>>> print(open('work.txt').read())   # compact mmCIF, C-alpha atoms and all ligand atoms
# COMPACT_ATOMS: atom_id res chain seq x y z
CA MET A 1 65.13 73.80 97.32
CA ASN A 2 64.62 76.50 94.70
CA GLU A 3 64.54 75.88 90.96
CA ALA A 4 68.08 77.18 90.36
CA ALA A 5 69.45 74.79 92.98
CA GLU A 6 67.55 71.85 91.43
CA HIS A 7 68.91 72.61 87.97
CA PRO A 8 72.37 74.09 88.46
CA PRO A 9 73.73 75.59 85.24
CA ALA A 10 76.51 73.82 83.36
CA VAL A 11 79.86 74.73 84.84
CA THR A 12 82.71 75.72 82.57
CA TYR A 13 85.45 75.67 85.23
CA LYS A 14 86.13 73.26 88.07
CA ARG A 15 88.63 75.29 90.11
CA VAL A 16 89.17 79.05 89.93
CA LEU A 17 90.83 81.82 91.89
CA LEU A 18 88.90 85.02 92.60
CA LYS A 19 91.11 88.06 93.08
CA ILE A 20 89.61 91.23 94.51
CA SER A 21 91.29 94.36 95.75
CA GLY A 22 90.99 95.44 99.36
CA GLU A 23 89.12 98.50 98.11
CA ALA A 24 86.32 96.24 96.86
CA LEU A 25 85.45 95.61 100.51
CA MET A 26 85.21 99.22 101.61
CA GLY A 27 81.97 100.10 99.79
CA ASP A 28 81.51 103.86 99.47
CA GLN A 29 83.67 104.54 102.51
CA GLY A 30 87.15 105.90 101.93
CA TYR A 31 88.79 103.34 104.18
CA GLY A 32 88.44 99.97 105.89
CA LEU A 33 85.74 97.36 105.77
CA HIS A 34 82.06 97.87 104.96
CA PRO A 35 80.30 94.76 106.35
CA PRO A 36 77.29 94.85 103.95
CA THR A 37 79.72 94.96 101.00
CA VAL A 38 81.74 92.06 102.41
CA LYS A 39 78.48 90.13 102.81
CA ARG A 40 77.39 90.90 99.25
CA ILE A 41 80.65 89.55 97.85
CA ALA A 42 80.45 86.52 100.16
CA GLU A 43 77.00 85.79 98.71
CA GLU A 44 78.46 85.91 95.18
CA VAL A 45 81.15 83.46 96.25
CA LYS A 46 78.59 81.19 97.91
CA SER A 47 76.47 81.07 94.76
CA VAL A 48 79.48 79.80 92.80
CA ASN A 49 80.49 77.40 95.56
CA ASP A 50 76.92 76.02 95.40
CA MET A 51 77.55 75.14 91.73
CA GLY A 52 80.31 72.79 92.85
CA VAL A 53 83.15 75.02 91.67
CA GLU A 54 86.24 74.95 93.90
CA ILE A 55 87.15 78.49 94.90
CA CYS A 56 90.43 80.08 95.95
CA MET A 57 90.41 83.73 96.94
CA VAL A 58 93.07 86.40 97.23
CA ILE A 59 92.05 89.73 98.70
CA GLY A 60 94.31 92.80 98.60
CA GLY A 61 94.93 95.16 101.47
CA GLY A 62 94.66 98.57 99.82
CA ASN A 63 91.58 99.51 101.86
CA ILE A 64 93.78 99.46 104.97
CA PHE A 65 97.43 99.91 104.05
CA ARG A 66 99.71 99.80 101.02
CA GLY A 67 103.47 99.48 101.25
CA LEU A 68 104.11 102.27 98.77
CA GLN A 69 101.97 104.59 100.85
CA GLY A 70 104.14 103.88 103.93
CA ALA A 71 107.33 104.25 101.92
CA ALA A 72 106.13 107.64 100.64
CA GLN A 73 105.76 108.71 104.27
CA GLY A 74 109.39 107.84 104.97
CA MET A 75 108.97 104.30 106.27
CA GLU A 76 111.35 101.59 105.14
CA ARG A 77 109.69 99.92 102.15
CA ALA A 78 110.02 96.33 103.39
CA THR A 79 108.49 97.21 106.76
CA ALA A 80 105.64 99.05 105.06
CA ASP A 81 105.07 96.04 102.80
CA TYR A 82 104.81 93.73 105.81
CA MET A 83 102.13 96.05 107.16
CA GLY A 84 100.35 95.78 103.82
CA MET A 85 100.51 92.00 104.03
CA LEU A 86 99.02 92.09 107.55
CA ALA A 87 96.18 94.22 106.16
CA THR A 88 95.33 91.40 103.74
CA VAL A 89 95.03 89.01 106.71
CA MET A 90 92.39 91.27 108.28
CA ASN A 91 90.43 91.31 105.03
CA ALA A 92 90.73 87.53 104.69
CA LEU A 93 89.37 87.03 108.21
CA ALA A 94 86.47 89.39 107.50
CA MET A 95 85.64 87.40 104.35
CA GLN A 96 85.90 84.11 106.24
CA ALA A 97 83.50 85.37 108.93
CA SER A 98 81.02 86.49 106.29
CA LEU A 99 81.25 83.24 104.29
CA GLU A 100 80.89 81.08 107.37
CA ALA A 101 77.84 83.10 108.47
CA LEU A 102 76.32 81.97 105.15
CA GLY A 103 77.23 78.36 105.88
CA VAL A 104 80.25 78.15 103.54
CA PHE A 105 83.19 76.26 105.06
CA THR A 106 86.25 78.45 104.67
CA ARG A 107 89.93 78.29 105.54
CA VAL A 108 92.26 81.27 105.72
CA VAL A 109 95.83 80.25 104.94
CA SER A 110 98.61 82.72 105.43
CA ALA A 111 101.97 83.03 103.69
CA ILE A 112 103.26 84.42 107.01
CA PRO A 113 102.63 81.86 109.75
CA MET A 114 100.42 83.12 112.57
CA ASP A 115 99.08 79.94 114.07
CA GLN A 116 96.70 81.50 116.59
CA VAL A 117 94.90 83.36 113.80
CA CYS A 118 94.81 81.07 110.77
CA GLU A 119 96.58 78.15 109.12
CA PRO A 120 100.03 78.49 107.57
CA TYR A 121 100.17 78.04 103.81
CA ILE A 122 101.01 74.43 102.98
CA ARG A 123 100.29 73.70 99.33
CA ARG A 124 99.08 70.13 99.63
CA ARG A 125 96.89 70.94 102.61
CA ALA A 126 95.30 73.85 100.74
CA ILE A 127 94.55 71.53 97.80
CA ARG A 128 92.90 69.08 100.19
CA HIS A 129 90.67 71.88 101.53
CA LEU A 130 89.58 72.67 97.98
CA GLU A 131 88.84 69.02 97.25
CA LYS A 132 86.59 68.98 100.32
CA GLY A 133 84.64 71.94 98.92
CA ARG A 134 86.03 74.56 101.29
CA VAL A 135 86.72 78.06 100.05
CA VAL A 136 90.40 78.81 100.65
CA VAL A 137 91.36 82.45 101.23
CA PHE A 138 95.08 83.03 100.73
CA ALA A 139 96.30 85.79 103.04
CA ALA A 140 99.54 87.76 103.46
CA GLY A 141 100.24 87.87 99.72
CA THR A 142 103.37 85.97 98.72
CA GLY A 143 104.90 86.57 102.15
CA ASN A 144 107.57 88.74 100.53
CA PRO A 145 107.91 92.50 100.37
CA TYR A 146 108.12 94.22 96.96
CA PHE A 147 105.29 92.09 95.59
CA THR A 148 101.56 92.69 95.23
CA THR A 149 98.51 90.59 95.84
CA ASP A 150 98.02 90.37 92.04
CA THR A 151 101.27 88.45 91.85
CA ALA A 152 100.26 86.41 94.91
CA ALA A 153 96.98 85.56 93.15
CA THR A 154 98.79 84.39 90.02
CA LEU A 155 101.28 82.38 92.06
CA ARG A 156 98.61 80.63 94.13
CA ALA A 157 96.39 80.02 91.09
CA ASN A 158 99.31 78.23 89.43
CA GLU A 159 100.18 76.26 92.55
CA MET A 160 96.56 75.19 93.11
CA GLY A 161 96.06 74.19 89.48
CA CYS A 162 93.28 76.73 88.90
CA GLU A 163 91.93 76.95 85.37
CA ALA A 164 91.61 80.74 85.48
CA ILE A 165 91.95 83.81 87.64
CA PHE A 166 88.77 85.85 87.97
CA LYS A 167 89.69 89.44 88.59
CA GLY A 168 86.67 91.28 89.99
CA THR A 169 86.74 95.02 89.24
CA LYS A 170 84.37 97.98 89.02
CA VAL A 171 83.92 97.56 85.26
CA ASP A 172 82.92 94.62 83.09
CA GLY A 173 86.27 94.01 81.42
CA VAL A 174 89.39 95.58 79.98
CA TYR A 175 88.94 98.80 77.99
CA ASP A 176 91.31 100.68 75.71
CA LYS A 177 90.82 103.72 77.97
CA ASP A 178 89.01 104.46 81.21
CA PRO A 179 85.27 103.84 80.51
CA LYS A 180 84.32 105.99 83.51
CA LYS A 181 86.03 109.00 81.87
CA PHE A 182 85.65 108.34 78.12
CA SER A 183 82.27 107.50 76.58
CA ASP A 184 83.97 106.10 73.43
CA ALA A 185 86.10 103.61 75.40
CA LYS A 186 86.04 100.16 73.79
CA ARG A 187 85.94 96.90 75.71
CA TYR A 188 88.06 93.98 74.57
CA ASP A 189 86.35 90.57 74.43
CA THR A 190 89.78 89.00 74.44
CA VAL A 191 93.24 90.50 74.66
CA SER A 192 96.71 88.98 74.77
CA TYR A 193 99.05 89.18 77.74
CA ASP A 194 101.59 90.98 75.57
CA GLU A 195 99.07 93.63 74.50
CA VAL A 196 98.11 94.20 78.12
CA LEU A 197 101.78 94.76 78.94
CA GLN A 198 102.63 96.87 75.87
CA LYS A 199 99.58 99.14 76.17
CA HIS A 200 99.70 99.33 79.98
CA LEU A 201 96.06 98.28 80.13
CA GLY A 202 96.12 98.08 83.90
CA VAL A 203 94.64 94.61 84.37
CA MET A 204 97.25 93.57 86.94
CA ASP A 205 100.84 94.59 87.56
CA ALA A 206 103.47 93.50 85.05
CA SER A 207 104.98 90.68 87.13
CA ALA A 208 101.54 89.13 87.67
CA ILE A 209 100.74 89.30 83.92
CA ALA A 210 104.12 87.81 83.01
CA LEU A 211 103.65 84.95 85.48
CA ALA A 212 100.19 84.24 84.08
CA ARG A 213 101.52 84.38 80.50
CA ASP A 214 104.44 82.05 81.20
CA ASN A 215 102.05 79.48 82.66
CA ARG A 216 99.20 80.05 80.17
CA LEU A 217 96.78 80.96 82.94
CA PRO A 218 93.79 82.90 81.57
CA ILE A 219 92.63 86.01 83.43
CA ILE A 220 88.92 86.82 83.30
CA VAL A 221 88.24 90.47 84.09
CA PHE A 222 84.62 91.10 85.12
CA SER A 223 82.48 93.46 87.17
CA LEU A 224 82.03 92.62 90.79
CA ASP A 225 79.28 95.26 90.98
CA GLU A 226 77.03 93.24 88.68
CA PRO A 227 74.81 91.05 90.90
CA GLY A 228 75.21 87.39 89.92
CA GLY A 229 78.06 88.30 87.56
CA PHE A 230 80.59 85.82 88.93
CA ARG A 231 78.11 82.94 88.79
CA GLY A 232 76.91 84.00 85.35
CA ILE A 233 80.36 83.81 83.80
CA LEU A 234 80.97 80.38 85.30
CA ALA A 235 77.70 79.31 83.69
CA GLY A 236 78.93 80.59 80.31
CA GLN A 237 77.09 83.92 80.27
CA GLY A 238 77.78 87.58 80.93
CA THR A 239 80.19 90.26 79.74
CA TYR A 240 83.88 90.09 80.50
CA THR A 241 87.34 90.24 78.97
CA ARG A 242 89.49 87.16 78.71
CA VAL A 243 93.24 87.80 78.81
CA HIS A 244 95.11 84.91 77.24
CA GLY A 245 98.02 83.89 75.04
N1 LIG B 1 102.25 93.08 99.75
C1 LIG B 1 103.55 92.62 99.76
N2 LIG B 1 103.83 91.39 99.21
C2 LIG B 1 102.88 90.61 98.65
C3 LIG B 1 101.55 91.10 98.62
C4 LIG B 1 101.26 92.33 99.17
O1 LIG B 1 104.46 93.28 100.24
O2 LIG B 1 103.19 89.50 98.19
C5 LIG B 1 101.92 94.34 100.42
C6 LIG B 1 102.23 95.58 99.59
O3 LIG B 1 102.71 96.58 100.46
C7 LIG B 1 100.86 95.97 99.08
C8 LIG B 1 99.97 95.59 100.21
O4 LIG B 1 100.55 94.39 100.72
O5 LIG B 1 100.79 97.35 98.81
C9 LIG B 1 98.53 95.37 99.87
O6 LIG B 1 98.41 94.60 98.71
P1 LIG B 1 97.88 95.21 97.31
O7 LIG B 1 98.43 96.59 97.11
O8 LIG B 1 98.18 94.21 96.25
O9 LIG B 1 96.32 95.29 97.59
P2 LIG B 1 95.12 95.73 96.60
O10 LIG B 1 95.62 96.87 95.75
O11 LIG B 1 94.78 94.54 95.76
O12 LIG B 1 94.03 96.10 97.55
>>> encode(input="work.txt", output="structure tokens", more="lines below")
Ligand code: UDP
Amino acid sequence: MNEAAEHPPAVTYKRVLLKISGEALMGDQGYGLHPPTVKRIAEEVKSVNDMGVEICMVIGGGNIFRGLQGAAQGMERATADYMGMLATVMNALAMQASLEALGVFTRVVSAIPMDQVCEPYIRRRAIRHLEKGRVVVFAAGTGNPYFTTDTAATLRANEMGCEAIFKGTKVDGVYDKDPKKFSDAKRYDTVSYDEVLQKHLGVMDASAIALARDNRLPIIVFSLDEPGGFRGILAGQGTYTRVHG
């Protein structure tokens, strides 16, 4: 056992939901899944799971298909959205395979029942999985077209009684303008839900922010590219923005 495992850092949260976009899994490719990137993120999740934190995950589908993209090509929006939801199931299965290869017990639960592939979403059963220390990956979004996986993440975080949503992005928080384009962009340490909505700060879509606000669910925006970043924040360190009331 290494030193870190013998002396796990103090944990500030007991149960959290990690939301990542589908694009986070595609690495430098323009499309699909990049297995080394999936593995890297799985290792981040494992390191937090090892601290005894209960972890829910929601993964988007944008690396494979987005409903709006299909609609722009003339497809009926609802049909295109169902395709987007199916894309999230593929990502969830990839993450499950990677986590289980690292020895982390994982369940994929889908808002659209597909019994041969994964479990259907049943709230109390999902809570039981968490209590047993399993990582639960929520697939197929909310199961409804016209929504996004950000809203699904907020919904599931509320249902599971998570203390916060961790939104992993390419930057270490919320900025007043794009830090990749503007060198004078300023990062917020904390920002209110209303400011995020009024200034269109692009943390999550408006319905997800409103649902988090109405249920006082904090959103922690942090960089997924920073090795050990997820674990660090749970141990009370690191740079991030906290969106709250
Ligand atoms: N989607 C949906 N309902 C949901 C969640 C997702 O219809 O509750 C569809 C929608 O078409 C969306 C796609 O699934 O474009 C992929 O999700 P999202 O765009 O949120 O993925 P991300 O941008 O996080 O990769």
>>> residues_near_ligand(input="work.txt", ligand="ligand LIG 1 (chain B)", cutoff="9 Å", atoms="only C-alpha atoms and all ligand atoms", output="ChimeraX atom specification")
/A:19-24,58-70,77-88,111,139-153
>>> residues_near_point(input="work.txt", point="(81.4, 85.3, 95.3)", cutoff="10 Å", atoms="only C-alpha atoms", output="mmCIF file with C-alpha atoms, in the frame of the given file")
data_model
loop_
_atom_site.group_PDB
_atom_site.id
_atom_site.type_symbol
_atom_site.label_atom_id
_atom_site.label_comp_id
_atom_site.auth_asym_id
_atom_site.auth_seq_id
_atom_site.Cartn_x
_atom_site.Cartn_y
_atom_site.Cartn_z
ATOM 1 C CA LEU A 18 88.900 85.020 92.600
ATOM 2 C CA VAL A 38 81.740 92.060 102.410
ATOM 3 C CA LYS A 39 78.480 90.130 102.810
ATOM 4 C CA ARG A 40 77.390 90.900 99.250
ATOM 5 C CA ILE A 41 80.650 89.550 97.850
ATOM 6 C CA ALA A 42 80.450 86.520 100.160
ATOM 7 C CA GLU A 43 77.000 85.790 98.710
ATOM 8 C CA GLU A 44 78.460 85.910 95.180
ATOM 9 C CA VAL A 45 81.150 83.460 96.250
ATOM 10 C CA LYS A 46 78.590 81.190 97.910
ATOM 11 C CA SER A 47 76.470 81.070 94.760
ATOM 12 C CA VAL A 48 79.480 79.800 92.800
ATOM 13 C CA ASN A 49 80.490 77.400 95.560
ATOM 14 C CA ILE A 55 87.150 78.490 94.900
ATOM 15 C CA MET A 57 90.410 83.730 96.940
ATOM 16 C CA LEU A 99 81.250 83.240 104.290
ATOM 17 C CA GLY A 168 86.670 91.280 89.990
ATOM 18 C CA LEU A 224 82.030 92.620 90.790
ATOM 19 C CA PRO A 227 74.810 91.050 90.900
ATOM 20 C CA GLY A 228 75.210 87.390 89.920
ATOM 21 C CA GLY A 229 78.060 88.300 87.560
ATOM 22 C CA PHE A 230 80.590 85.820 88.930
ATOM 23 C CA ARG A 231 78.110 82.940 88.790
#
>>> closest_residue(input="work.txt", among="A:Phe166, A:Tyr121, A:Tyr175, A:Phe138", to="Arg15 of chain A", atoms="only C-alpha atoms")
A:Phe166
>>> residues_around(input="work.txt", residues="Val137 of chain A", least_positions_apart="3", cutoff="8 Å", atoms="all atoms listed in the file", output="number ranges by chain")
A: 56-59, 92, 96, 106-109
>>> closest_residue(input="work.txt", among="A:Val243, A:Met51, A:Ala101, A:Ala210", to="Gly133 of chain A", atoms="only C-alpha atoms")
A:Met51
>>> atom_distance(input="work.txt", atom1="atom CA of Lys170 of chain A", atom2="atom CA of Ser223 of chain A")
5.2 Å
>>> residues_near_point(input="work.txt", point="(87.7, 70.9, 103.6)", cutoff="12 Å", atoms="all atoms listed in the file", output="list in words")
Glu54, Ile55, Val104, Phe105, Thr106, Arg107, Val108, Arg125, Ala126, Ile127, Arg128, His129, Leu130, Glu131, Lys132, Gly133, Arg134, Val135 and Val136 of chain A
>>> atom_distance(input="work.txt", atom1="atom CA of Ser183 of chain A", atom2="atom CA of Asp205 of chain A")
25.1 Å
>>> axis_aligned_box(input="work.txt", around="segment 62-80 of chain A", padding_each_side="6 Å", output="lines of an AutoDock Vina configuration file")
center_x = 101.5
center_y = 102.5
center_z = 102.8
size_x = 31.8
size_y = 24.4
size_z = 20.0
>>> atom_distance(input="work.txt", atom1="atom CA of Leu211 of chain A", atom2="atom CA of Asn158 of chain A")
8.9 Å
>>> closest_residue(input="work.txt", among="A:Asn215, A:Thr190, A:Thr37, A:Thr12", to="Thr239 of chain A", atoms="only C-alpha atoms")
A:Thr190
>>> closest_residue(input="work.txt", among="A:Glu100, A:Asp184, A:Asp172, A:Asp189", to="Phe222 of chain A", atoms="all atoms listed in the file")
A:Asp172
>>> decode(input="work.txt", residues="segment 136-159 of chain A", atoms="N, CA and C atoms", output="tab-separated table (two decimals), in the first residue's frame")
chain	number	residue	atom	x	y	z
A	136	VAL	N	-21.76	4.75	-10.40
A	136	VAL	CA	-22.97	4.61	-11.22
A	136	VAL	C	-22.91	5.60	-12.37
A	137	VAL	N	-22.93	5.07	-13.59
A	137	VAL	CA	-22.89	5.93	-14.79
A	137	VAL	C	-24.32	6.00	-15.34
A	138	PHE	N	-24.87	7.20	-15.35
A	138	PHE	CA	-26.24	7.40	-15.82
A	138	PHE	C	-26.22	7.67	-17.31
A	139	ALA	N	-26.86	6.78	-18.08
A	139	ALA	CA	-26.81	6.90	-19.53
A	139	ALA	C	-28.17	7.30	-20.09
A	140	ALA	N	-28.16	7.70	-21.36
A	140	ALA	CA	-29.37	8.09	-22.10
A	140	ALA	C	-30.03	9.35	-21.55
A	141	GLY	N	-29.23	10.22	-20.96
A	141	GLY	CA	-29.72	11.53	-20.51
A	141	GLY	C	-30.91	11.41	-19.60
A	142	THR	N	-31.92	12.25	-19.86
A	142	THR	CA	-33.16	12.19	-19.08
A	142	THR	C	-34.13	11.19	-19.68
A	143	GLY	N	-33.80	10.69	-20.87
A	143	GLY	CA	-34.72	9.80	-21.59
A	143	GLY	C	-35.71	10.57	-22.45
A	144	ASN	N	-35.60	11.90	-22.43
A	144	ASN	CA	-36.53	12.74	-23.19
A	144	ASN	C	-35.80	13.60	-24.21
A	145	PRO	N	-36.37	13.72	-25.42
A	145	PRO	CA	-35.76	14.64	-26.37
A	145	PRO	C	-35.91	16.10	-25.90
A	146	TYR	N	-35.20	16.98	-26.51
A	146	TYR	CA	-35.21	18.43	-26.20
A	146	TYR	C	-34.50	18.75	-24.89
A	147	PHE	N	-33.79	17.77	-24.32
A	147	PHE	CA	-32.99	18.07	-23.13
A	147	PHE	C	-31.52	17.82	-23.44
A	148	THR	N	-30.66	18.14	-22.50
A	148	THR	CA	-29.23	17.88	-22.67
A	148	THR	C	-28.74	17.02	-21.51
A	149	THR	N	-27.53	16.57	-21.64
A	149	THR	CA	-26.97	15.77	-20.54
A	149	THR	C	-26.58	16.66	-19.35
A	150	ASP	N	-26.46	17.98	-19.56
A	150	ASP	CA	-26.26	18.87	-18.40
A	150	ASP	C	-27.50	18.84	-17.51
A	151	THR	N	-28.65	18.89	-18.15
A	151	THR	CA	-29.90	18.84	-17.37
A	151	THR	C	-30.05	17.46	-16.74
A	152	ALA	N	-29.70	16.41	-17.48
A	152	ALA	CA	-29.76	15.05	-16.93
A	152	ALA	C	-28.86	14.96	-15.69
A	153	ALA	N	-27.67	15.56	-15.77
A	153	ALA	CA	-26.73	15.52	-14.65
A	153	ALA	C	-27.32	16.20	-13.42
A	154	THR	N	-27.95	17.35	-13.63
A	154	THR	CA	-28.54	18.09	-12.51
A	154	THR	C	-29.71	17.31	-11.91
A	155	LEU	N	-30.52	16.73	-12.79
A	155	LEU	CA	-31.66	15.93	-12.34
A	155	LEU	C	-31.19	14.74	-11.50
A	156	ARG	N	-30.24	13.98	-12.03
A	156	ARG	CA	-29.77	12.79	-11.30
A	156	ARG	C	-29.05	13.18	-10.01
A	157	ALA	N	-28.29	14.25	-10.04
A	157	ALA	CA	-27.59	14.70	-8.82
A	157	ALA	C	-28.60	15.01	-7.73
A	158	ASN	N	-29.70	15.64	-8.11
A	158	ASN	CA	-30.75	15.93	-7.12
A	158	ASN	C	-31.39	14.64	-6.62
A	159	GLU	N	-31.71	13.76	-7.55
A	159	GLU	CA	-32.39	12.52	-7.16
A	159	GLU	C	-31.51	11.64	-6.27
